[in-house]
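Trainee: My structure is stored as entry-v9.txt, with compact mmCIF, C-alpha atoms and all ligand atoms.
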```
# COMPACT_ATOMS: atom_id res chain seq x y z
CA MET N 15 140.37 29.25 193.07
CA SER N 16 138.46 29.86 189.83
CA THR N 17 138.95 27.52 186.87
CA GLU N 18 140.40 30.43 184.85
CA ARG N 19 143.07 31.22 187.43
CA ARG N 20 143.87 27.58 187.93
CA GLN N 21 144.16 26.98 184.21
CA ALA N 22 146.35 30.07 183.74
CA HIS N 23 148.64 28.79 186.50
CA TRP N 24 149.10 25.36 184.95
CA GLU N 25 149.49 26.71 181.44
CA ARG N 26 152.28 28.94 182.74
CA ILE N 27 153.96 25.92 184.32
CA TYR N 28 153.73 23.70 181.26
CA THR N 29 154.76 26.40 178.77
CA GLY N 30 157.73 27.37 180.97
CA LYS N 31 159.11 23.91 181.69
CA GLY N 32 159.69 20.75 179.71
CA GLU N 33 157.84 17.57 180.57
CA MET N 34 160.95 16.12 182.25
CA GLU N 35 161.79 19.24 184.27
CA VAL N 36 158.70 19.39 186.45
CA SER N 37 159.13 18.13 190.02
CA TRP N 38 156.48 15.42 189.59
CA PHE N 39 158.12 13.87 186.50
CA GLN N 40 158.58 10.13 186.64
CA GLU N 41 160.04 8.06 183.86
CA THR N 42 158.01 4.97 184.71
CA PRO N 43 154.75 5.10 186.70
CA ALA N 44 155.49 1.71 188.26
CA LEU N 45 153.42 2.12 191.42
CA SER N 46 150.34 3.36 189.52
CA MET N 47 150.57 0.44 187.08
CA ALA N 48 151.00 -2.01 189.97
CA LEU N 49 147.94 -0.61 191.78
CA ILE N 50 145.85 -0.74 188.59
CA ALA N 51 146.85 -4.40 188.17
CA LEU N 52 146.16 -5.13 191.84
CA ILE N 53 142.49 -4.18 191.60
CA GLY N 54 142.06 -6.68 188.79
CA ALA N 55 141.62 -4.20 185.93
CA THR N 56 141.61 -5.89 182.54
CA ARG N 57 142.72 -4.51 179.18
CA ARG N 58 139.07 -3.67 178.56
CA SER N 59 138.52 -1.72 181.78
CA PRO N 60 137.90 1.95 181.02
CA VAL N 61 140.56 3.97 182.85
CA ILE N 62 140.63 7.74 183.40
CA ASP N 63 143.70 9.61 184.60
CA ILE N 64 142.53 12.73 186.42
CA GLY N 65 145.00 15.62 186.11
CA GLY N 66 147.13 13.31 183.98
CA GLY N 67 149.01 16.25 182.46
CA ALA N 68 151.98 15.06 180.43
CA SER N 69 152.40 11.94 182.61
CA ARG N 70 153.68 8.73 181.06
CA LEU N 71 150.97 6.63 182.67
CA VAL N 72 149.06 6.79 179.41
CA ASP N 73 152.09 5.44 177.51
CA SER N 74 152.33 2.49 179.91
CA LEU N 75 148.62 1.73 179.66
CA ILE N 76 148.68 1.83 175.84
CA SER N 77 151.83 -0.29 175.68
CA GLN N 78 150.11 -2.87 177.89
CA ALA N 79 147.17 -2.89 175.47
CA TYR N 80 144.57 -1.10 177.62
CA GLU N 81 141.88 -0.32 175.08
CA ASP N 82 139.89 2.46 176.71
CA VAL N 83 142.09 5.18 178.20
CA THR N 84 141.09 8.79 178.93
CA VAL N 85 143.34 11.58 180.18
CA LEU N 86 141.73 14.67 181.71
CA ASP N 87 143.64 17.83 182.55
CA LEU N 88 142.93 21.52 182.55
CA SER N 89 146.17 22.35 180.74
CA PRO N 90 145.88 21.94 176.96
CA THR N 91 149.66 22.40 176.71
CA ALA N 92 150.29 19.41 178.98
CA LEU N 93 148.01 17.23 176.88
CA VAL N 94 149.66 18.39 173.64
CA ALA N 95 153.04 17.33 175.09
CA ALA N 96 151.66 13.87 175.88
CA LYS N 97 150.05 13.55 172.43
CA ARG N 98 153.29 14.56 170.67
CA ARG N 99 155.23 11.99 172.62
CA LEU N 100 152.71 9.26 171.79
CA GLY N 101 152.57 10.13 168.09
CA ASP N 102 150.09 7.94 166.22
CA LYS N 103 149.15 6.11 169.41
CA ALA N 104 147.58 9.34 170.74
CA LYS N 105 144.57 8.52 168.55
CA GLN N 106 143.80 5.55 170.78
CA VAL N 107 143.30 7.87 173.75
CA THR N 108 140.43 10.19 174.69
CA TRP N 109 141.74 13.61 175.75
CA ILE N 110 139.61 15.94 177.85
CA VAL N 111 140.52 19.52 178.72
CA ALA N 112 138.53 20.31 181.85
CA ASP N 113 138.69 21.34 185.47
CA VAL N 114 137.72 18.18 187.34
CA THR N 115 135.65 20.22 189.79
CA THR N 116 133.35 21.58 187.07
CA TRP N 117 133.61 18.74 184.53
CA GLU N 118 130.37 17.11 183.35
CA PRO N 119 131.16 13.38 182.97
CA SER N 120 129.29 11.73 180.11
CA ARG N 121 130.10 8.08 180.78
CA PHE N 122 131.39 5.65 183.39
CA TYR N 123 134.88 4.36 184.07
CA ASP N 124 136.11 1.30 185.96
CA VAL N 125 139.29 2.94 187.18
CA TRP N 126 139.78 6.53 188.36
CA HIS N 127 143.49 7.32 188.79
CA ASP N 128 144.76 10.58 190.26
CA ARG N 129 148.39 11.21 191.07
CA ALA N 130 148.94 14.62 192.65
CA THR N 131 145.81 16.48 191.56
CA PHE N 132 143.30 16.13 194.41
CA HIS N 133 145.77 17.59 196.91
CA PHE N 134 145.57 20.98 195.16
CA LEU N 135 141.93 21.29 196.22
CA THR N 136 142.26 23.15 199.49
CA ASP N 137 138.68 24.32 199.83
CA PRO N 138 136.14 21.77 201.18
CA ALA N 139 133.62 22.94 198.55
CA GLU N 140 136.12 22.10 195.77
CA GLN N 141 136.82 18.74 197.36
CA ALA N 142 133.08 18.06 197.47
CA ALA N 143 132.79 19.00 193.78
CA TYR N 144 135.61 16.52 193.01
CA VAL N 145 133.81 13.76 194.93
CA ASP N 146 130.60 14.59 193.08
CA ARG N 147 132.41 14.06 189.73
CA LEU N 148 133.98 10.88 191.07
CA ARG N 149 130.50 9.56 191.91
CA ARG N 150 129.16 10.52 188.51
CA ALA N 151 132.06 8.99 186.57
CA LEU N 152 133.10 5.87 188.48
CA ARG N 153 130.79 2.91 188.05
CA ARG N 154 129.62 1.05 191.12
CA GLY N 155 132.15 -1.74 191.73
CA GLY N 156 134.92 0.41 190.21
CA HIS N 157 138.07 1.63 191.93
CA ALA N 158 139.61 5.03 192.63
CA ILE N 159 143.36 5.26 193.15
CA ILE N 160 144.28 8.59 194.69
CA GLY N 161 147.90 9.62 195.26
CA THR N 162 148.59 12.79 197.25
CA PHE N 163 151.37 14.25 199.32
CA ALA N 164 151.43 12.41 202.66
CA PRO N 165 151.05 14.19 206.03
CA ASP N 166 154.87 14.46 206.18
CA GLY N 167 155.15 15.45 202.51
CA PRO N 168 155.64 18.93 201.01
CA GLU N 169 153.25 21.74 201.89
CA GLN N 170 153.17 23.08 198.38
CA CYS N 171 153.84 22.14 194.79
CA SER N 172 154.58 24.36 191.80
CA GLY N 173 153.94 27.45 193.94
CA LEU N 174 150.46 26.32 195.06
CA PRO N 175 149.47 25.23 198.57
CA VAL N 176 148.31 21.63 198.94
CA VAL N 177 146.36 19.66 201.51
CA ARG N 178 148.32 16.61 202.65
CA HIS N 179 146.24 13.50 203.20
CA ASN N 180 146.34 10.05 204.68
CA ALA N 181 143.95 7.21 203.90
CA ASP N 182 141.61 7.94 206.83
CA ARG N 183 141.26 11.54 205.85
CA LEU N 184 140.55 10.62 202.24
CA ARG N 185 138.01 8.02 203.35
CA ALA N 186 136.19 10.65 205.40
CA ILE N 187 136.09 13.01 202.41
CA LEU N 188 134.94 10.35 199.91
CA GLY N 189 132.17 9.04 202.16
CA GLU N 190 130.73 5.65 203.01
CA GLU N 191 130.20 4.56 199.43
CA PHE N 192 133.98 4.11 199.10
CA ARG N 193 135.73 1.28 200.91
CA LEU N 194 139.48 1.52 201.46
CA VAL N 195 141.16 -1.56 200.00
CA ASP N 196 144.81 -0.58 199.93
CA THR N 197 147.03 2.22 201.17
CA ARG N 198 150.76 2.67 200.97
CA ARG N 199 153.45 5.27 201.26
CA HIS N 200 155.64 6.19 198.36
CA GLU N 201 158.77 8.28 198.06
CA HIS N 202 159.07 10.20 194.82
CA VAL N 203 162.50 11.49 193.86
CA THR N 204 162.21 14.69 191.84
CA PRO N 205 164.47 15.44 188.84
CA SER N 206 166.54 17.69 191.15
CA GLY N 207 167.06 14.82 193.61
CA ALA N 208 164.64 15.87 196.40
CA THR N 209 162.46 13.24 198.05
CA GLN N 210 158.71 13.85 198.32
CA ARG N 211 156.55 11.65 200.52
CA PHE N 212 153.28 10.53 198.98
CA GLN N 213 150.46 8.24 200.03
CA PHE N 214 148.49 6.21 197.48
CA SER N 215 145.10 4.91 198.59
CA THR N 216 142.79 2.67 196.61
CA PHE N 217 139.03 2.75 197.20
CA HIS N 218 136.36 0.34 195.98
CA ARG N 219 133.02 1.92 195.18
CA VAL N 220 130.54 -0.48 196.72
CA GLU N 221 127.90 -1.99 194.44
C1 LIG X 301 151.49 17.77 189.97
S1 LIG X 301 150.79 17.59 188.40
C2 LIG X 301 150.65 15.85 188.24
C3 LIG X 301 150.50 15.41 186.80
C4 LIG X 301 150.33 13.91 186.60
N1 LIG X 301 149.21 13.38 187.33
C5 LIG X 301 151.57 13.15 186.93
O1 LIG X 301 151.54 12.32 187.83
O2 LIG X 301 152.58 13.39 186.26
C6 LIG X 301 149.11 18.11 188.66
C7 LIG X 301 148.29 18.09 187.40
O3 LIG X 301 146.94 18.34 187.71
C8 LIG X 301 146.41 19.25 186.77
N2 LIG X 301 145.31 19.91 187.50
C9 LIG X 301 145.42 20.70 188.58
N3 LIG X 301 144.21 21.06 189.02
C10 LIG X 301 143.31 20.49 188.19
C11 LIG X 301 141.90 20.50 188.12
N4 LIG X 301 141.17 21.16 189.00
N5 LIG X 301 141.31 19.80 187.12
C12 LIG X 301 142.05 19.11 186.22
N6 LIG X 301 143.40 19.07 186.23
C13 LIG X 301 144.02 19.75 187.21
C14 LIG X 301 147.57 20.13 186.38
O4 LIG X 301 147.39 20.76 185.13
C15 LIG X 301 148.70 19.13 186.38
O5 LIG X 301 148.87 18.50 185.13
```
Show me, as structure tokens, the structure contained in the file I just sent.
Ligand SMILES: C[S@@+](CC[C@H](N)C(=O)[O-])C[C@H]1O[C@@H](n2cnc3c(N)ncnc32)[C@H](O)[C@@H]1O
Mentor:
Amino acid sequence: MSTERRQAHWERIYTGKGEMEVSWFQETPALSMALIALIGATRRSPVIDIGGGASRLVDSLISQAYEDVTVLDLSPTALVAAKRRLGDKAKQVTWIVADVTTWEPSRFYDVWHDRATFHFLTDPAEQAAYVDRLRRALRRGGHAIIGTFAPDGPEQCSGLPVVRHNADRLRAILGEEFRLVDTRRHEHVTPSGATQRFQFSTFHRVE
């Protein structure tokens, strides 16, 4: 799918629904914060949330005094919602409007976090473009935490098809440079009460 079509889709979603009405809304990103702590990230570790949208992960990171936080998403409306919610604290964050598959990273991060973005890339060429950006943006020794729908999770989200993954499949896509250090299943309960099965896998980029 082209960046334009993808962006138009997500803009339509975020202009049509409030932050707390989308199926992926979570009040507290407890698992993501736990996984970020588990890899030994410090308050100084640069963290990027890929496809962060209006997620509250950024609020949790700022409230725990993480000093170098970036949120990337292709929907400007989603980022505006997050900035409004954060108020003055939004100035502490770097906001990037970009399609991760065409983004040109200009620096390195220690932590790459992605909850429910990679699984929208259904074409192997788009997945390869994502991995290319991951390689260009994650420093050697850094960690990538990637949460996707699990093999027994939903087949689509917000009207788009997804590819469901498990850790082995992700490892094969990321390549040998990335060592799997943790994988776990997670059940997300949507605002309407449905349960969605996710997997979260953490990879260490070898030095
Ligand atoms: C299901 S939402 C998850 C949002 C957020 N990660 C969370 O956990 O609340 C998927 C997000 O990925 C963004 N997105 C989808 N494809 C993208 C792409 N190719 N590049 C950047 N962002 C993308 C969407 O705009 C949306 O905010």
Trainee: Report the closest atom pair, with its distance in Å rounded to one decimal, for each residue of chain N that has an atom no farther than 7 Å from ligand LIG 301 (chain X); count only C-alpha atoms and all ligand atoms, sort by chain and then rising residue number, and write it as JSON lines.
Mentor:
```
{"residue": "N:Arg20", "atom": "CA", "partner": "X:LIG301", "partner_atom": "N3", "distance": 6.6}
{"residue": "N:Trp24", "atom": "CA", "partner": "X:LIG301", "partner_atom": "O4", "distance": 4.9}
{"residue": "N:Trp38", "atom": "CA", "partner": "X:LIG301", "partner_atom": "O2", "distance": 5.5}
{"residue": "N:Phe39", "atom": "CA", "partner": "X:LIG301", "partner_atom": "O2", "distance": 5.6}
{"residue": "N:Gln40", "atom": "CA", "partner": "X:LIG301", "partner_atom": "O2", "distance": 6.8}
{"residue": "N:Ile64", "atom": "CA", "partner": "X:LIG301", "partner_atom": "C12", "distance": 6.4}
{"residue": "N:Gly65", "atom": "CA", "partner": "X:LIG301", "partner_atom": "O3", "distance": 3.7}
{"residue": "N:Gly66", "atom": "CA", "partner": "X:LIG301", "partner_atom": "N1", "distance": 3.9}
{"residue": "N:Gly67", "atom": "CA", "partner": "X:LIG301", "partner_atom": "O5", "distance": 3.5}
{"residue": "N:Ala68", "atom": "CA", "partner": "X:LIG301", "partner_atom": "O2", "distance": 6.1}
{"residue": "N:Ser69", "atom": "CA", "partner": "X:LIG301", "partner_atom": "O2", "distance": 3.9}
{"residue": "N:Leu86", "atom": "CA", "partner": "X:LIG301", "partner_atom": "C12", "distance": 6.3}
{"residue": "N:Asp87", "atom": "CA", "partner": "X:LIG301", "partner_atom": "N6", "distance": 3.9}
{"residue": "N:Leu88", "atom": "CA", "partner": "X:LIG301", "partner_atom": "N6", "distance": 4.4}
{"residue": "N:Ser89", "atom": "CA", "partner": "X:LIG301", "partner_atom": "O4", "distance": 4.8}
{"residue": "N:Ala92", "atom": "CA", "partner": "X:LIG301", "partner_atom": "O5", "distance": 6.4}
{"residue": "N:Ala112", "atom": "CA", "partner": "X:LIG301", "partner_atom": "C12", "distance": 5.7}
{"residue": "N:Asp113", "atom": "CA", "partner": "X:LIG301", "partner_atom": "N5", "distance": 3.5}
{"residue": "N:Val114", "atom": "CA", "partner": "X:LIG301", "partner_atom": "N5", "distance": 3.9}
{"residue": "N:Thr115", "atom": "CA", "partner": "X:LIG301", "partner_atom": "N4", "distance": 5.7}
{"residue": "N:Asp128", "atom": "CA", "partner": "X:LIG301", "partner_atom": "N1", "distance": 6.0}
{"residue": "N:Arg129", "atom": "CA", "partner": "X:LIG301", "partner_atom": "N1", "distance": 4.4}
{"residue": "N:Ala130", "atom": "CA", "partner": "X:LIG301", "partner_atom": "C1", "distance": 4.9}
{"residue": "N:Thr131", "atom": "CA", "partner": "X:LIG301", "partner_atom": "O3", "distance": 4.4}
{"residue": "N:Phe134", "atom": "CA", "partner": "X:LIG301", "partner_atom": "N3", "distance": 6.3}
{"residue": "N:Cys171", "atom": "CA", "partner": "X:LIG301", "partner_atom": "C1", "distance": 6.9}
```
Trainee: With distances taken over all atoms listed in the file, which residue among N:Gln21, N:Phe217, N:Arg58, N:Leu184 lies nearest Arg154 of chain N?
Mentor: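 Selected residue with least distance to Arg154 of chain N: N:Phe217.
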Trainee: Name the closest residue to Asn180 of chain N among the candidates N:Thr136, N:Thr209, N:Thr197, N:Thr42; distances are taken between atoms, counting all atoms listed in the file.
Mentor: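 Looking at the shortest contact to Asn180 of chain N, the residue is N:Thr197.
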Trainee: Please provide the set of residues having any atom within 10 Å of Gln170 of chain N, restricted to all atoms listed in the file, with same-chain residues fewer than 6 positions apart removed, written as a ChimeraX atom specification.
Mentor: /N:133-134,163,176-178
Trainee: Restricting it to C-alpha atoms, dump the selection as a PDB file, in the frame of the given file.
Mentor:
```pdb
ATOM      1  CA  HIS N 133     145.770  17.590 196.910  1.00  0.00           C
ATOM      2  CA  PHE N 134     145.570  20.980 195.160  1.00  0.00           C
ATOM      3  CA  PHE N 163     151.370  14.250 199.320  1.00  0.00           C
ATOM      4  CA  VAL N 176     148.310  21.630 198.940  1.00  0.00           C
ATOM      5  CA  VAL N 177     146.360  19.660 201.510  1.00  0.00           C
ATOM      6  CA  ARG N 178     148.320  16.610 202.650  1.00  0.00           C
TER       7      ARG N 178
END
```
Trainee: When you count all atoms listed in the file, which of these residues is closest to Pro175 of chain N: N:Asp82, N:Asp102, N:Asp137, N:Asp63?
Mentor: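 When distances to Pro175 of chain N are compared using all atoms listed in the file, the smallest one comes from N:Asp137.
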Trainee: Between N:Ser120, N:Thr29, N:Ser206, N:Ser215, which residue has the minimum interatomic distance to Gly161 of chain N, considering only C-alpha atoms?
Mentor: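 Closest to Gly161 of chain N, using only C-alpha atoms: N:Ser215.
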Trainee: So which residues fall inside 10 Å of (150.3, 7.2, 179.1) if we count only C-alpha atoms? Mind giving them as a ChimeraX atom specification?
Mentor: /N:42-43,63,66-77,83-85,96-97,99-100,103-104,107
Trainee: Can you work out which one of N:Ala139, N:Ile62, N:Ala164, N:Ala95 has the shortest atom-to-atom distance to Arg121 of chain N, counting all atoms listed in the file?
Mentor: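 Among the listed residues, N:Ile62 lies closest to Arg121 of chain N.
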Trainee: Out of N:Val94, N:Ile50, N:Ile110, N:Ala181, which residue has the shortest atom-to-atom distance to Asp124 of chain N when counting all atoms listed in the file?
Mentor: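 Looking only at the distances to Asp124 of chain N, the closest residue turns out to be N:Ile50.
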Trainee: In Å, with one decimal, what is the gap from atom CA of Glu118 of chain N to atom CA of Ala55 of chain N?
Mentor: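 A separation of 24.2 Å between them.
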Trainee: Please enclose the listed atoms of segment 172-185 of chain N in an axis-aligned box, pad each side by 8 Å, and write out the centre and the three edge lengths in Å, rounded to one decimal, as JSON.
Mentor:
```
{"center_x": 146.3, "center_y": 17.3, "center_z": 199.3, "size_x": 32.6, "size_y": 36.2, "size_z": 31.0}
```
Trainee: What is the atom CA of Val61 of chain N-atom CA of Ala143 of chain N distance in Å, reported with one decimal?
Mentor: 20.1 Å
Trainee: Would it be fine to have segment 129-141 of chain N, with all heavy atoms, given as a compact mmCIF listing (two decimals), in the first residue's frame?
Mentor:
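Saved the output as part05.txt:
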```
# COMPACT_ATOMS: atom_id res chain seq x y z
N ARG N 129 4.14 -1.41 19.14
CA ARG N 129 2.95 -2.20 19.50
C ARG N 129 1.92 -2.02 18.39
O ARG N 129 1.40 -0.95 18.18
CB ARG N 129 2.37 -1.72 20.84
CG ARG N 129 1.02 -2.36 21.19
CD ARG N 129 0.53 -1.89 22.55
NE ARG N 129 -0.75 -2.46 22.91
CZ ARG N 129 -1.92 -1.81 22.77
NH1 ARG N 129 -1.97 -0.58 22.27
NH2 ARG N 129 -3.04 -2.39 23.13
N ALA N 130 1.72 -3.10 17.64
CA ALA N 130 0.64 -3.16 16.65
C ALA N 130 0.83 -2.26 15.44
O ALA N 130 -0.13 -1.69 14.94
CB ALA N 130 -0.71 -2.87 17.32
N THR N 131 2.07 -2.15 14.96
CA THR N 131 2.29 -1.44 13.69
C THR N 131 2.87 -2.40 12.65
O THR N 131 2.37 -2.47 11.53
CB THR N 131 3.22 -0.23 13.90
OG1 THR N 131 2.58 0.64 14.83
CG2 THR N 131 3.46 0.53 12.60
N PHE N 132 3.91 -3.14 13.04
CA PHE N 132 4.55 -4.04 12.06
C PHE N 132 3.54 -4.99 11.42
O PHE N 132 3.64 -5.32 10.23
CB PHE N 132 5.68 -4.83 12.74
CG PHE N 132 6.39 -5.77 11.81
CD1 PHE N 132 7.23 -5.28 10.82
CD2 PHE N 132 6.19 -7.14 11.90
CE1 PHE N 132 7.87 -6.14 9.94
CE2 PHE N 132 6.82 -8.01 11.02
CZ PHE N 132 7.66 -7.51 10.04
N HIS N 133 2.54 -5.43 12.20
CA HIS N 133 1.64 -6.46 11.64
C HIS N 133 0.79 -5.95 10.47
O HIS N 133 0.22 -6.75 9.74
CB HIS N 133 0.82 -7.18 12.71
CG HIS N 133 -0.15 -6.38 13.50
ND1 HIS N 133 -0.63 -6.81 14.73
CD2 HIS N 133 -0.74 -5.19 13.27
CE1 HIS N 133 -1.50 -5.93 15.19
NE2 HIS N 133 -1.58 -4.93 14.34
N PHE N 134 0.74 -4.63 10.28
CA PHE N 134 0.02 -4.10 9.11
C PHE N 134 0.81 -4.24 7.82
O PHE N 134 0.28 -4.00 6.73
CB PHE N 134 -0.35 -2.63 9.31
CG PHE N 134 -1.43 -2.44 10.35
CD1 PHE N 134 -1.13 -1.92 11.60
CD2 PHE N 134 -2.73 -2.82 10.09
CE1 PHE N 134 -2.11 -1.79 12.56
CE2 PHE N 134 -3.73 -2.68 11.04
CZ PHE N 134 -3.41 -2.16 12.29
N LEU N 135 2.09 -4.57 7.93
CA LEU N 135 2.91 -4.71 6.72
C LEU N 135 2.74 -6.13 6.21
O LEU N 135 3.32 -7.08 6.75
CB LEU N 135 4.37 -4.38 7.03
CG LEU N 135 4.57 -2.98 7.63
CD1 LEU N 135 6.03 -2.74 7.98
CD2 LEU N 135 4.06 -1.89 6.69
N THR N 136 1.94 -6.28 5.17
CA THR N 136 1.58 -7.60 4.67
C THR N 136 2.45 -8.03 3.49
O THR N 136 2.47 -9.19 3.12
CB THR N 136 0.10 -7.62 4.24
OG1 THR N 136 -0.10 -6.56 3.30
CG2 THR N 136 -0.83 -7.42 5.42
N ASP N 137 3.15 -7.07 2.92
CA ASP N 137 3.97 -7.36 1.74
C ASP N 137 5.43 -7.56 2.20
O ASP N 137 5.96 -6.72 2.94
CB ASP N 137 3.83 -6.12 0.82
CG ASP N 137 4.73 -6.17 -0.39
OD1 ASP N 137 5.58 -7.07 -0.46
OD2 ASP N 137 4.58 -5.29 -1.25
N PRO N 138 6.08 -8.65 1.79
CA PRO N 138 7.46 -8.89 2.22
C PRO N 138 8.40 -7.71 1.90
O PRO N 138 9.34 -7.45 2.66
CB PRO N 138 7.87 -10.14 1.44
CG PRO N 138 6.58 -10.84 1.17
CD PRO N 138 5.54 -9.77 1.00
N ALA N 139 8.13 -6.99 0.82
CA ALA N 139 8.99 -5.85 0.48
C ALA N 139 8.83 -4.73 1.52
O ALA N 139 9.81 -4.06 1.90
CB ALA N 139 8.65 -5.32 -0.91
N GLU N 140 7.61 -4.55 2.03
CA GLU N 140 7.38 -3.53 3.07
C GLU N 140 8.02 -3.98 4.38
O GLU N 140 8.60 -3.17 5.12
CB GLU N 140 5.88 -3.36 3.32
CG GLU N 140 5.12 -2.71 2.19
CD GLU N 140 3.62 -2.71 2.44
OE1 GLU N 140 3.14 -3.49 3.27
OE2 GLU N 140 2.94 -1.90 1.78
N GLN N 141 7.94 -5.27 4.65
CA GLN N 141 8.57 -5.78 5.88
C GLN N 141 10.08 -5.59 5.80
O GLN N 141 10.73 -5.20 6.78
CB GLN N 141 8.24 -7.27 6.06
CG GLN N 141 6.77 -7.52 6.32
CD GLN N 141 6.43 -9.00 6.37
OE1 GLN N 141 7.27 -9.87 6.10
NE2 GLN N 141 5.19 -9.30 6.72
```
